[in-house]
>>> print(open('entry.cif').read())   # mmCIF, C-alpha atoms and all ligand atoms
data_work
#
loop_
_atom_site.label_atom_id
_atom_site.label_comp_id
_atom_site.auth_asym_id
_atom_site.auth_seq_id
_atom_site.Cartn_x
_atom_site.Cartn_y
_atom_site.Cartn_z
CA MET A 1 -78.51 110.04 -84.75
CA SER A 2 -77.14 106.50 -85.12
CA GLU A 3 -74.24 105.66 -87.40
CA PHE A 4 -75.14 103.92 -90.67
CA PHE A 5 -71.71 102.99 -92.06
CA THR A 6 -70.64 101.30 -88.83
CA ASP A 7 -67.81 99.33 -90.47
CA VAL A 8 -66.11 102.34 -92.02
CA SER A 9 -63.94 104.91 -90.24
CA PRO A 10 -62.99 108.25 -91.80
CA ILE A 11 -60.85 107.67 -94.89
CA ARG A 12 -57.27 108.94 -94.57
CA TYR A 13 -54.36 109.50 -96.90
CA GLU A 14 -51.90 106.66 -96.25
CA GLY A 15 -49.68 106.80 -99.35
CA PRO A 16 -49.23 104.47 -102.35
CA ASP A 17 -47.82 101.54 -100.38
CA THR A 18 -50.52 101.20 -97.72
CA THR A 19 -52.22 97.86 -97.32
CA THR A 20 -55.41 99.43 -95.92
CA ASP A 21 -58.16 98.85 -98.46
CA LEU A 22 -60.23 101.94 -97.67
CA ALA A 23 -57.45 104.55 -97.62
CA TYR A 24 -56.29 107.17 -100.09
CA ARG A 25 -53.10 106.24 -101.85
CA PHE A 26 -52.84 109.46 -103.88
CA TYR A 27 -55.54 111.87 -102.68
CA ASP A 28 -53.60 113.95 -100.18
CA PRO A 29 -55.71 117.11 -99.70
CA ASP A 30 -52.86 119.31 -98.41
CA ARG A 31 -50.27 118.31 -101.00
CA ILE A 32 -49.37 121.31 -103.15
CA VAL A 33 -49.80 120.74 -106.88
CA LEU A 34 -49.04 123.63 -109.24
CA GLY A 35 -49.15 126.08 -106.36
CA LYS A 36 -52.49 124.97 -104.88
CA ARG A 37 -53.66 122.35 -102.38
CA MET A 38 -54.80 119.18 -104.10
CA GLU A 39 -58.24 119.56 -102.48
CA ASP A 40 -58.58 123.03 -104.01
CA GLN A 41 -57.37 121.89 -107.43
CA LEU A 42 -59.96 119.09 -107.59
CA ARG A 43 -62.92 120.44 -105.59
CA ILE A 44 -64.52 116.98 -105.30
CA ALA A 45 -68.25 116.55 -104.73
CA VAL A 46 -70.50 113.55 -104.05
CA ALA A 47 -73.82 113.34 -105.92
CA TYR A 48 -76.78 112.93 -103.58
CA TRP A 49 -78.95 111.23 -106.19
CA HIS A 50 -77.10 108.10 -107.34
CA SER A 51 -75.58 107.44 -103.94
CA PHE A 52 -78.58 108.07 -101.67
CA ALA A 53 -81.78 108.60 -103.67
CA TRP A 54 -81.41 105.70 -106.12
CA PRO A 55 -82.20 102.27 -104.64
CA GLY A 56 -80.27 100.21 -107.21
CA SER A 57 -83.25 99.53 -109.48
CA ASP A 58 -83.05 99.17 -113.25
CA VAL A 59 -85.66 98.82 -115.99
CA PHE A 60 -85.81 95.08 -115.39
CA GLY A 61 -85.72 94.93 -111.63
CA ALA A 62 -86.29 96.45 -108.23
CA GLY A 63 -83.79 98.15 -105.96
CA THR A 64 -81.06 95.94 -104.51
CA PHE A 65 -79.40 98.39 -102.11
CA ASP A 66 -79.74 98.66 -98.37
CA ARG A 67 -81.52 102.04 -98.20
CA PRO A 68 -84.03 101.94 -95.32
CA TRP A 69 -85.28 105.45 -96.08
CA ALA A 70 -86.59 104.19 -99.44
CA ASP A 71 -89.08 101.83 -97.74
CA VAL A 72 -92.64 102.58 -98.74
CA GLY A 73 -94.84 103.30 -95.79
CA ARG A 74 -92.23 105.50 -94.09
CA ASP A 75 -93.24 109.07 -93.32
CA PRO A 76 -91.66 110.87 -96.32
CA MET A 77 -90.14 113.74 -94.31
CA GLU A 78 -88.74 111.40 -91.64
CA ALA A 79 -87.28 109.25 -94.42
CA ALA A 80 -85.77 112.33 -96.11
CA LYS A 81 -84.13 113.31 -92.82
CA GLN A 82 -82.64 109.86 -92.31
CA LYS A 83 -81.36 109.97 -95.89
CA ALA A 84 -79.72 113.33 -95.14
CA ASP A 85 -78.17 112.01 -91.90
CA VAL A 86 -76.63 109.09 -93.78
CA ALA A 87 -75.51 111.23 -96.72
CA PHE A 88 -73.68 113.68 -94.45
CA GLU A 89 -72.13 110.82 -92.45
CA PHE A 90 -70.83 109.55 -95.80
CA PHE A 91 -69.52 112.94 -96.99
CA ALA A 92 -67.76 113.52 -93.68
CA LYS A 93 -66.15 110.05 -93.58
CA LEU A 94 -65.03 110.36 -97.20
CA GLY A 95 -63.47 113.72 -96.34
CA THR A 96 -64.35 115.44 -99.61
CA PRO A 97 -65.34 119.10 -99.52
CA PHE A 98 -68.60 119.26 -101.55
CA PHE A 99 -71.88 117.60 -102.48
CA CYS A 100 -74.47 118.25 -105.24
CA PHE A 101 -78.23 117.69 -105.16
CA HIS A 102 -81.53 117.88 -107.07
CA ASP A 103 -84.51 119.37 -105.21
CA ALA A 104 -86.23 115.97 -105.48
CA ASP A 105 -83.28 114.14 -103.88
CA LEU A 106 -83.44 116.23 -100.76
CA ALA A 107 -87.18 116.61 -100.17
CA PRO A 108 -90.27 114.54 -101.07
CA ALA A 109 -92.93 115.97 -103.37
CA GLY A 110 -96.09 117.05 -101.52
CA GLU A 111 -99.73 116.81 -102.57
CA THR A 112 -99.57 120.37 -103.90
CA PHE A 113 -96.84 122.67 -105.19
CA ALA A 114 -97.08 124.71 -101.98
CA GLU A 115 -96.49 121.60 -99.89
CA SER A 116 -93.51 120.56 -102.04
CA LYS A 117 -92.08 124.04 -101.52
CA ARG A 118 -92.50 123.77 -97.75
CA ASN A 119 -90.88 120.32 -97.74
CA LEU A 120 -87.92 121.66 -99.68
CA GLU A 121 -87.50 124.63 -97.37
CA GLU A 122 -87.60 122.40 -94.32
CA MET A 123 -85.06 119.99 -95.79
CA VAL A 124 -82.81 122.84 -96.90
CA ASP A 125 -82.71 124.05 -93.29
CA TYR A 126 -82.01 120.50 -92.17
CA ALA A 127 -79.15 120.15 -94.68
CA ALA A 128 -77.80 123.55 -93.62
CA GLY A 129 -77.50 122.17 -90.08
CA HIS A 130 -75.46 119.19 -91.31
CA MET A 131 -73.31 121.49 -93.47
CA ALA A 132 -72.53 123.63 -90.45
CA THR A 133 -71.48 120.65 -88.29
CA THR A 134 -69.50 118.78 -90.97
CA GLY A 135 -68.05 121.74 -92.93
CA VAL A 136 -69.23 120.09 -96.20
CA LYS A 137 -70.19 122.66 -98.84
CA LEU A 138 -72.48 122.71 -101.86
CA LEU A 139 -70.81 122.62 -105.30
CA TRP A 140 -74.11 122.98 -107.14
CA GLY A 141 -77.82 122.47 -106.89
CA THR A 142 -80.29 121.59 -109.64
CA ALA A 143 -83.99 120.90 -110.22
CA ASN A 144 -85.33 117.53 -111.27
CA LEU A 145 -87.40 118.58 -114.30
CA PHE A 146 -87.54 115.13 -115.88
CA SER A 147 -88.88 112.42 -113.49
CA HIS A 148 -92.47 113.50 -112.84
CA PRO A 149 -95.02 112.46 -115.52
CA ARG A 150 -95.84 116.15 -116.15
CA TYR A 151 -92.38 116.45 -117.73
CA ALA A 152 -92.75 113.44 -120.04
CA ALA A 153 -92.63 115.78 -123.08
CA GLY A 154 -89.98 118.05 -121.59
CA ALA A 155 -90.02 121.00 -119.20
CA ALA A 156 -89.06 124.24 -120.98
CA THR A 157 -89.54 122.59 -124.38
CA ASN A 158 -92.95 121.10 -123.54
CA PRO A 159 -95.70 121.81 -126.09
CA ASP A 160 -97.88 122.90 -123.14
CA PRO A 161 -97.02 126.39 -121.77
CA GLU A 162 -98.47 125.40 -118.38
CA VAL A 163 -95.73 122.80 -118.01
CA PHE A 164 -93.17 125.52 -118.85
CA ALA A 165 -94.72 127.69 -116.14
CA TYR A 166 -94.68 124.87 -113.58
CA ALA A 167 -91.03 124.14 -114.38
CA ALA A 168 -90.24 127.85 -114.00
CA ALA A 169 -91.83 127.88 -110.55
CA GLN A 170 -89.91 124.75 -109.57
CA ILE A 171 -86.54 126.01 -110.80
CA LYS A 172 -87.00 129.30 -108.97
CA ASN A 173 -87.29 127.39 -105.71
CA ALA A 174 -84.32 125.18 -106.56
CA ILE A 175 -82.17 128.26 -107.25
CA ASP A 176 -83.33 129.78 -103.95
CA ALA A 177 -82.41 126.54 -102.15
CA THR A 178 -78.98 126.54 -103.81
CA GLN A 179 -78.37 130.14 -102.80
CA ARG A 180 -79.56 129.55 -99.24
CA LEU A 181 -77.03 126.69 -98.94
CA GLY A 182 -74.20 128.86 -100.28
CA GLY A 183 -73.96 126.82 -103.51
CA ALA A 184 -70.94 127.63 -105.67
CA ASN A 185 -72.92 127.07 -108.91
CA TYR A 186 -76.25 126.01 -110.38
CA VAL A 187 -76.69 123.29 -113.07
CA LEU A 188 -79.36 122.63 -115.70
CA TRP A 189 -79.40 119.19 -117.27
CA GLY A 190 -82.06 119.14 -119.99
CA GLY A 191 -83.18 115.60 -119.23
CA ARG A 192 -86.17 115.55 -121.56
CA GLU A 193 -85.50 118.76 -123.49
CA GLY A 194 -85.52 116.89 -126.77
CA TYR A 195 -87.88 114.71 -128.76
CA GLU A 196 -89.01 111.13 -129.26
CA THR A 197 -90.27 111.67 -132.82
CA LEU A 198 -90.04 114.56 -135.26
CA LEU A 199 -93.55 113.69 -136.43
CA ASN A 200 -95.02 115.58 -133.47
CA THR A 201 -92.24 118.09 -132.83
CA MET A 202 -91.66 121.73 -133.80
CA MET A 203 -87.92 121.93 -133.23
CA ARG A 204 -87.55 125.66 -133.82
CA GLN A 205 -90.45 126.46 -131.48
CA GLU A 206 -88.94 124.25 -128.77
CA SER A 207 -85.52 125.95 -129.04
CA GLU A 208 -87.14 129.36 -128.72
CA GLN A 209 -88.91 128.15 -125.56
CA LEU A 210 -85.67 126.80 -124.12
CA ALA A 211 -83.91 130.09 -124.82
CA ARG A 212 -86.73 132.02 -123.12
CA PHE A 213 -86.52 129.73 -120.10
CA LEU A 214 -82.75 130.20 -119.84
CA HIS A 215 -83.08 133.98 -120.11
CA MET A 216 -85.58 133.88 -117.25
CA VAL A 217 -83.13 131.83 -115.18
CA VAL A 218 -80.30 134.28 -115.95
CA ASP A 219 -82.49 137.27 -115.04
CA TYR A 220 -83.52 135.62 -111.79
CA LYS A 221 -79.93 134.77 -110.89
CA HIS A 222 -78.95 138.41 -111.26
CA SER A 223 -82.02 139.70 -109.45
CA ILE A 224 -81.16 137.73 -106.30
CA GLY A 225 -77.41 138.35 -106.52
CA PHE A 226 -76.47 134.69 -106.94
CA GLU A 227 -72.81 134.79 -107.84
CA GLY A 228 -72.06 131.24 -108.95
CA MET A 229 -71.93 130.03 -112.53
CA LEU A 230 -75.03 128.78 -114.29
CA MET A 231 -74.18 125.66 -116.25
CA ILE A 232 -75.84 123.50 -118.88
CA GLU A 233 -74.94 119.81 -118.83
CA PRO A 234 -74.73 118.51 -122.42
CA LYS A 235 -76.02 115.02 -123.22
CA PRO A 236 -76.94 113.71 -126.70
CA GLN A 237 -79.76 111.32 -125.83
CA GLU A 238 -81.24 109.21 -123.03
CA PRO A 239 -83.90 109.46 -121.81
CA THR A 240 -85.16 110.98 -125.09
CA LYS A 241 -84.07 109.91 -128.56
CA HIS A 242 -82.48 113.28 -129.22
CA GLN A 243 -81.60 116.02 -126.73
CA TYR A 244 -81.03 119.63 -127.76
CA ASP A 245 -77.98 120.08 -125.51
CA TYR A 246 -76.24 117.38 -127.57
CA ASP A 247 -72.61 118.22 -126.82
CA CYS A 248 -70.42 121.21 -125.96
CA SER A 249 -70.27 122.48 -129.49
CA THR A 250 -74.06 122.35 -129.91
CA VAL A 251 -74.58 124.14 -126.59
CA HIS A 252 -72.01 126.75 -127.59
CA GLY A 253 -73.86 127.46 -130.85
CA PHE A 254 -77.16 127.68 -128.97
CA LEU A 255 -75.75 130.13 -126.41
CA GLU A 256 -74.34 132.28 -129.18
CA ARG A 257 -77.58 132.20 -131.19
CA TYR A 258 -79.71 133.27 -128.24
CA ASP A 259 -77.34 135.83 -126.74
CA LEU A 260 -76.55 133.78 -123.66
CA LEU A 261 -72.75 133.53 -123.99
CA GLY A 262 -70.97 134.66 -120.84
CA GLU A 263 -74.06 133.80 -118.76
CA LEU A 264 -74.08 130.02 -119.11
CA PHE A 265 -71.19 127.57 -119.08
CA VAL A 266 -71.01 123.79 -119.43
CA ASN A 267 -70.91 121.00 -116.88
CA ILE A 268 -69.21 118.21 -118.83
CA GLU A 269 -69.87 114.58 -117.98
CA GLY A 270 -67.41 111.88 -119.11
CA ASN A 271 -70.07 109.35 -120.10
CA HIS A 272 -72.16 111.98 -121.91
CA ALA A 273 -69.10 112.84 -124.02
CA THR A 274 -68.68 109.23 -125.09
CA LEU A 275 -72.43 108.89 -125.79
CA ALA A 276 -72.07 111.85 -128.17
CA GLY A 277 -69.31 109.97 -130.02
CA HIS A 278 -66.53 112.15 -128.58
CA SER A 279 -63.76 111.52 -126.11
CA PHE A 280 -63.98 113.17 -122.68
CA HIS A 281 -60.73 114.91 -123.68
CA HIS A 282 -62.45 116.40 -126.75
CA GLU A 283 -65.39 117.85 -124.81
CA VAL A 284 -63.19 119.44 -122.15
CA ALA A 285 -60.73 120.82 -124.73
CA TYR A 286 -63.61 122.29 -126.76
CA ALA A 287 -65.13 124.01 -123.74
CA VAL A 288 -61.82 125.38 -122.44
CA ASP A 289 -60.76 126.64 -125.88
CA ASN A 290 -64.09 128.38 -126.39
CA GLY A 291 -64.45 129.97 -122.97
CA ILE A 292 -67.50 127.97 -121.88
CA PHE A 293 -65.88 125.51 -119.46
CA GLY A 294 -67.60 125.32 -116.08
CA SER A 295 -67.35 122.03 -114.18
CA ILE A 296 -67.14 118.25 -114.53
CA ASP A 297 -69.36 115.28 -113.74
CA ALA A 298 -66.76 112.59 -113.22
CA ASN A 299 -67.70 109.13 -114.47
CA ARG A 300 -67.17 106.75 -117.38
CA GLY A 301 -69.22 104.50 -119.66
CA ASP A 302 -68.69 100.92 -120.68
CA PRO A 303 -67.28 100.57 -124.20
CA GLN A 304 -69.67 97.68 -124.91
CA ASN A 305 -72.83 99.53 -123.86
CA GLY A 306 -74.42 102.42 -125.66
CA TRP A 307 -76.04 103.92 -122.57
CA ASP A 308 -75.15 106.03 -119.58
CA THR A 309 -73.71 103.47 -117.16
CA ASP A 310 -72.27 106.21 -114.90
CA GLN A 311 -69.40 104.07 -113.63
CA PHE A 312 -66.67 105.35 -111.36
CA PRO A 313 -63.75 106.78 -113.34
CA ASN A 314 -60.77 104.42 -113.30
CA SER A 315 -58.63 105.41 -116.27
CA VAL A 316 -55.80 107.69 -115.20
CA GLU A 317 -54.83 108.28 -118.82
CA GLU A 318 -58.34 109.40 -119.83
CA VAL A 319 -58.81 111.74 -116.87
CA SER A 320 -55.23 113.10 -117.09
CA LEU A 321 -55.79 114.33 -120.63
CA ALA A 322 -59.01 116.11 -119.63
CA LEU A 323 -57.35 117.59 -116.55
CA TYR A 324 -54.40 118.74 -118.65
CA GLU A 325 -56.80 120.89 -120.68
CA VAL A 326 -58.49 122.21 -117.51
CA LEU A 327 -55.12 123.20 -116.01
CA ARG A 328 -53.95 124.80 -119.30
CA GLY A 329 -57.13 126.87 -119.14
CA GLY A 330 -56.32 128.14 -115.63
CA GLY A 331 -57.95 125.45 -113.45
CA LEU A 332 -61.43 124.86 -112.13
CA GLY A 333 -62.56 128.27 -110.82
CA THR A 334 -65.84 127.72 -108.97
CA GLY A 335 -66.37 124.36 -110.72
CA GLY A 336 -65.28 120.98 -109.43
CA PHE A 337 -65.39 117.23 -109.98
CA ASN A 338 -68.80 115.87 -109.05
CA PHE A 339 -69.03 112.09 -108.77
CA ASP A 340 -72.12 111.54 -110.93
CA THR A 341 -71.52 107.83 -110.47
CA LYS A 342 -73.60 104.76 -109.75
CA LEU A 343 -72.61 101.56 -108.07
CA ARG A 344 -73.33 98.43 -110.06
CA ARG A 345 -76.62 96.87 -108.98
CA GLN A 346 -74.81 93.91 -107.40
CA SER A 347 -72.67 96.18 -105.20
CA MET A 348 -75.12 95.99 -102.36
CA SER A 349 -72.91 96.15 -99.26
CA ARG A 350 -72.97 99.45 -97.44
CA ASP A 351 -69.21 99.89 -97.80
CA ASP A 352 -69.34 99.48 -101.62
CA LEU A 353 -70.21 103.17 -101.79
CA PHE A 354 -66.85 103.93 -100.15
CA HIS A 355 -64.91 101.57 -102.41
CA GLY A 356 -66.38 103.23 -105.51
CA HIS A 357 -65.62 106.76 -104.35
CA VAL A 358 -62.19 106.06 -102.87
CA GLY A 359 -61.03 104.41 -106.10
CA GLY A 360 -62.52 107.21 -108.21
CA ILE A 361 -60.99 109.91 -106.02
CA ASP A 362 -57.55 108.29 -106.20
CA THR A 363 -57.95 108.13 -109.99
CA LEU A 364 -58.58 111.91 -110.01
CA ALA A 365 -55.64 112.55 -107.68
CA ARG A 366 -53.24 110.49 -109.81
CA SER A 367 -54.56 112.20 -112.93
CA LEU A 368 -53.95 115.60 -111.36
CA LEU A 369 -50.33 114.66 -110.66
CA VAL A 370 -49.90 113.44 -114.24
CA ALA A 371 -51.57 116.52 -115.74
CA ALA A 372 -49.44 118.82 -113.59
CA GLU A 373 -46.33 116.97 -114.78
CA MET A 374 -47.49 117.38 -118.40
CA ILE A 375 -47.67 121.13 -117.78
CA GLU A 376 -44.33 121.31 -115.97
CA ASP A 377 -42.55 119.08 -118.48
CA GLY A 378 -43.78 121.39 -121.24
CA SER A 379 -42.91 119.14 -124.20
CA LEU A 380 -46.53 118.56 -125.25
CA GLU A 381 -47.24 122.29 -125.27
CA GLU A 382 -44.00 123.03 -127.12
CA ALA A 383 -44.86 120.53 -129.83
CA ARG A 384 -48.36 121.95 -130.22
CA ALA A 385 -47.08 125.53 -130.35
CA ALA A 386 -44.33 124.63 -132.84
CA ARG A 387 -46.92 123.04 -135.15
CA TYR A 388 -48.78 126.35 -135.48
CA ALA A 389 -45.79 128.70 -135.30
CA GLY A 390 -46.27 129.71 -138.95
CA TRP A 391 -49.40 131.65 -138.03
CA SER A 392 -47.68 134.31 -135.98
CA THR A 393 -45.31 135.60 -138.68
CA GLY A 394 -45.11 136.06 -142.45
CA ILE A 395 -47.90 134.74 -144.62
CA GLY A 396 -49.74 133.21 -141.62
CA ALA A 397 -49.98 136.56 -139.83
CA GLU A 398 -51.03 138.30 -143.08
CA ILE A 399 -53.86 135.78 -143.65
CA MET A 400 -55.18 136.04 -140.11
CA GLY A 401 -54.79 139.82 -140.13
CA GLY A 402 -57.14 139.94 -143.12
CA SER A 403 -54.75 141.80 -145.40
CA VAL A 404 -54.63 139.19 -148.18
CA SER A 405 -57.36 137.93 -150.51
CA LEU A 406 -57.79 134.84 -152.69
CA PRO A 407 -56.34 136.62 -155.80
CA ILE A 408 -53.29 137.87 -153.87
CA LEU A 409 -52.61 134.38 -152.53
CA GLU A 410 -53.07 132.91 -156.00
CA GLU A 411 -50.57 135.42 -157.39
CA ARG A 412 -47.98 134.43 -154.78
CA VAL A 413 -48.49 130.73 -155.32
CA VAL A 414 -48.16 131.23 -159.12
CA ALA A 415 -44.98 133.27 -158.57
CA GLY A 416 -43.53 130.31 -156.66
CA GLU A 417 -43.28 132.30 -153.41
CA ILE A 418 -45.45 129.72 -151.64
CA ASP A 419 -44.63 126.04 -151.89
CA PRO A 420 -45.79 124.06 -148.83
CA SER A 421 -44.25 120.75 -147.94
CA PRO A 422 -46.01 118.27 -145.61
CA VAL A 423 -44.66 118.00 -142.06
CA SER A 424 -45.03 115.16 -139.55
CA GLY A 425 -47.86 115.45 -137.01
CA ARG A 426 -45.68 113.41 -134.61
CA GLN A 427 -48.68 111.58 -133.15
CA GLU A 428 -46.81 108.45 -132.06
CA GLN A 429 -44.02 110.50 -130.53
CA LEU A 430 -46.58 112.55 -128.55
CA GLU A 431 -48.42 109.44 -127.42
CA ASN A 432 -45.12 108.03 -126.20
CA THR A 433 -44.45 111.27 -124.31
CA VAL A 434 -47.82 110.91 -122.54
CA ASN A 435 -47.02 107.32 -121.58
CA ARG A 436 -43.58 108.25 -120.29
CA ILE A 437 -45.04 111.06 -118.15
CA LEU A 438 -47.70 108.66 -116.82
CA ARG A 439 -45.11 106.06 -115.89
CA ARG A 440 -42.66 108.38 -114.21
CA THR A 441 -45.36 110.29 -112.24
CA VAL A 442 -47.64 107.66 -110.71
C1 LIG A 501 -78.07 112.46 -116.18
C2 LIG A 501 -77.17 113.32 -115.39
C3 LIG A 501 -77.82 114.06 -114.28
C4 LIG A 501 -77.32 115.46 -114.13
C5 LIG A 501 -78.07 116.29 -113.11
O1 LIG A 501 -77.44 111.75 -117.16
O2 LIG A 501 -75.99 113.35 -115.60
O3 LIG A 501 -77.59 113.32 -113.13
O4 LIG A 501 -75.97 115.46 -113.76
O5 LIG A 501 -79.41 116.37 -113.39
CO CO A 502 -74.44 114.43 -114.72
#
>>> encode(input="entry.cif", output="structure tokens", more="lines below")
Ligand code: XUL
Ligand code: CO
Amino acid sequence: MSEFFTDVSPIRYEGPDTTTDLAYRFYDPDRIVLGKRMEDQLRIAVAYWHSFAWPGSDVFGAGTFDRPWADVGRDPMEAAKQKADVAFEFFAKLGTPFFCFHDADLAPAGETFAESKRNLEEMVDYAAGHMATTGVKLLWGTANLFSHPRYAAGAATNPDPEVFAYAAAQIKNAIDATQRLGGANYVLWGGREGYETLLNTMMRQESEQLARFLHMVVDYKHSIGFEGMLMIEPKPQEPTKHQYDYDCSTVHGFLERYDLLGELFVNIEGNHATLAGHSFHHEVAYAVDNGIFGSIDANRGDPQNGWDTDQFPNSVEEVSLALYEVLRGGGLGTGGFNFDTKLRRQSMSRDDLFHGHVGGIDTLARSLLVAAEMIEDGSLEEARAARYAGWSTGIGAEIMGGSVSLPILEERVVAGEIDPSPVSGRQEQLENTVNRILRRTV
């Protein structure tokens, strides 16, 4: 097997002052942060699709990247094997512990479903071989239920039950592949589970179908003893005009409505949060506070574009705030940080893939150090707790305990026992605290 990234040696931690371009300045896997190795706090994964299956095409132009396995005319299984060789060379040189994949990234579709299944099984065995030699593990697997024309009107939410059935067969095999590779979790991104126009859409019917599909997935997971989390990845739109898994709060309501809470969690993507009009911080805080947090797709959007640009994360402040919430909630569990990131189309040198990941990984590492310092410093938490202190005693505790009614409260207000006075929210002071922690930590 010949080397593909001939100009790049394994990336090492060299510290903040190194002059080596492709080196980690902050990602030091063995460094202990809040009692755990940095590698185990972050659980970083590389996404197979954007980095190896996507040729750098966009809606206006063809692929620009140097990806010989994408050449038409190649034998599809030979090409898939070369792609896997290169992907695992990349994972091993980057030195990160995990990868993530869609069934369609790993193996080519065959002429029939049975042939596609055989291709996937063969490629899963092939990937298992690479995993054994490199020690790279699988953070999660997923099924591509959105690219093939049969899924143009959705998979589980398709008006045609035969498409639902086909998607069910496909997802079963993708879960089997994930289990066979020892995957820590399984993800469902509802790429086209939404609509283009309400004129042809029965929304209620489609939600019932989606719930049925998810119940079948949950039942199957239990029947085969798969122990990882099942996760939904919220996204508000793109490719469809409106997607049902709009954001964390919408997914939470859906899970509650269809009795799926505790079975499904969320995989939160930075750029999906901003597309939904939220901050990344908001989405993570919502999920952690409501017990549905699962994992993260690390990336960012471009403030001038309204679409999913999937850029490498580079804002330590943005990621620190999200990581602060994750750490407050007890850390990542079986989740991780998956680089669901695309190079820009002009980044066509082979080593650009390393530059993108190394910078993104150092951003996560710096953010972890900042978030850990926010926890250890404690002043943000103290201020938040102090703001709500009134709810644990006196009138606050009585209200939440359910022992007082509107008339009782009215009586007390009339009697002058209750006379609230506005208090400062201290926003600027808290923002300054964040900046001071950022500056003194990294
Ligand atoms: C699409 C997206 C997907 C999912 C996996 O926006 O984020 O790559 O992460 O299907
Ligand atoms: Co994603």
>>> residues_around(input="entry.cif", residues="A:Thr178", least_positions_apart="4", cutoff="10 Å", atoms="all atoms listed in the file", output="PyMOL selection string")
chain A and resi 100-103+124+138-143+172-174+182-186+226+228
>>> write_last_selection(input="entry.cif", atoms="C-alpha atoms", output="short mmCIF file (atom, residue, chain, number, x, y, z; two decimals), in the frame of the given file")
data_model
loop_
_atom_site.label_atom_id
_atom_site.label_comp_id
_atom_site.auth_asym_id
_atom_site.auth_seq_id
_atom_site.Cartn_x
_atom_site.Cartn_y
_atom_site.Cartn_z
CA CYS A 100 -74.47 118.25 -105.24
CA PHE A 101 -78.23 117.69 -105.16
CA HIS A 102 -81.53 117.88 -107.07
CA ASP A 103 -84.51 119.37 -105.21
CA VAL A 124 -82.81 122.84 -96.90
CA LEU A 138 -72.48 122.71 -101.86
CA LEU A 139 -70.81 122.62 -105.30
CA TRP A 140 -74.11 122.98 -107.14
CA GLY A 141 -77.82 122.47 -106.89
CA THR A 142 -80.29 121.59 -109.64
CA ALA A 143 -83.99 120.90 -110.22
CA LYS A 172 -87.00 129.30 -108.97
CA ASN A 173 -87.29 127.39 -105.71
CA ALA A 174 -84.32 125.18 -106.56
CA GLY A 182 -74.20 128.86 -100.28
CA GLY A 183 -73.96 126.82 -103.51
CA ALA A 184 -70.94 127.63 -105.67
CA ASN A 185 -72.92 127.07 -108.91
CA TYR A 186 -76.25 126.01 -110.38
CA PHE A 226 -76.47 134.69 -106.94
CA GLY A 228 -72.06 131.24 -108.95
#
>>> atom_distance(input="entry.cif", atom1="atom CA of A:Asn119", atom2="atom CA of A:Val72")
17.9 Å
>>> residues_around(input="entry.cif", residues="stretch 29-34 of chain A", least_positions_apart="6", cutoff="12 Å", atoms="all atoms listed in the file", output="ChimeraX atom specification")
/A:11-15,40-44,94-97,324,327-328,330-331,361-362,364-376
>>> closest_residue(input="entry.cif", among="A:Lys117, A:Lys221, A:Lys241, A:Lys235", to="ligand LIG 501 (chain A)", atoms="all atoms listed in the file")
A:Lys235
>>> atom_distance(input="entry.cif", atom1="atom CA of A:His252", atom2="atom CA of A:Leu230")
13.8 Å
>>> closest_residue(input="entry.cif", among="A:Asp310, A:Glu410, A:Asp245, A:Glu417", to="ligand CO 502 (chain A)", atoms="all atoms listed in the file")
A:Asp310
>>> atom_distance(input="entry.cif", atom1="atom CA of A:Tyr48", atom2="atom O5 of ligand LIG 501 (chain A)")
10.7 Å
>>> residues_near_ligand(input="entry.cif", ligand="ligand CO 502 (chain A)", cutoff="12 Å", atoms="all atoms listed in the file", output="ChimeraX atom specification")
/A:45-50,100-102,140-142,144,187-191,231-235,238,266-273,295-300,308-311,337-342
>>> residues_around(input="entry.cif", residues="A:Gln237", least_positions_apart="4", cutoff="8 Å", atoms="all atoms listed in the file", output="list in words")
Lys241, His242, Gln243, Tyr246 and Leu275 of chain A
>>> closest_residue(input="entry.cif", among="A:Gly262, A:Gly225, A:Gly291, A:Pro161", to="A:Gln209", atoms="all atoms listed in the file")
A:Pro161
>>> residues_near_point(input="entry.cif", point="(-44.6, 120.1, -127.6)", cutoff="12 Å", atoms="all atoms listed in the file", output="list in words")
Met374, Ile375, Glu376, Asp377, Gly378, Ser379, Leu380, Glu381, Glu382, Ala383, Arg384, Ala385, Ala386, Arg387, Tyr388, Ala389, Gly425, Arg426, Gln427, Gln429, Leu430, Glu431, Thr433 and Val434 of chain A
>>> closest_residue(input="entry.cif", among="A:Ser349, A:Thr240, A:Asn432, A:Ser249", to="ligand LIG 501 (chain A)", atoms="all atoms listed in the file")
A:Thr240
>>> closest_residue(input="entry.cif", among="A:Ala132, A:Ala169, A:Ala104, A:Val288", to="ligand LIG 501 (chain A)", atoms="all atoms listed in the file")
A:Ala104
>>> closest_residue(input="entry.cif", among="A:Ala211, A:Met348, A:Ala276, A:Gly294", to="A:Glu256", atoms="only C-alpha atoms")
A:Ala211
>>> residues_around(input="entry.cif", residues="A:Ala128", least_positions_apart="2", cutoff="12 Å", atoms="all atoms listed in the file", output="PyMOL selection string")
chain A and resi 84-85+88+106+120-126+130-138+177-183
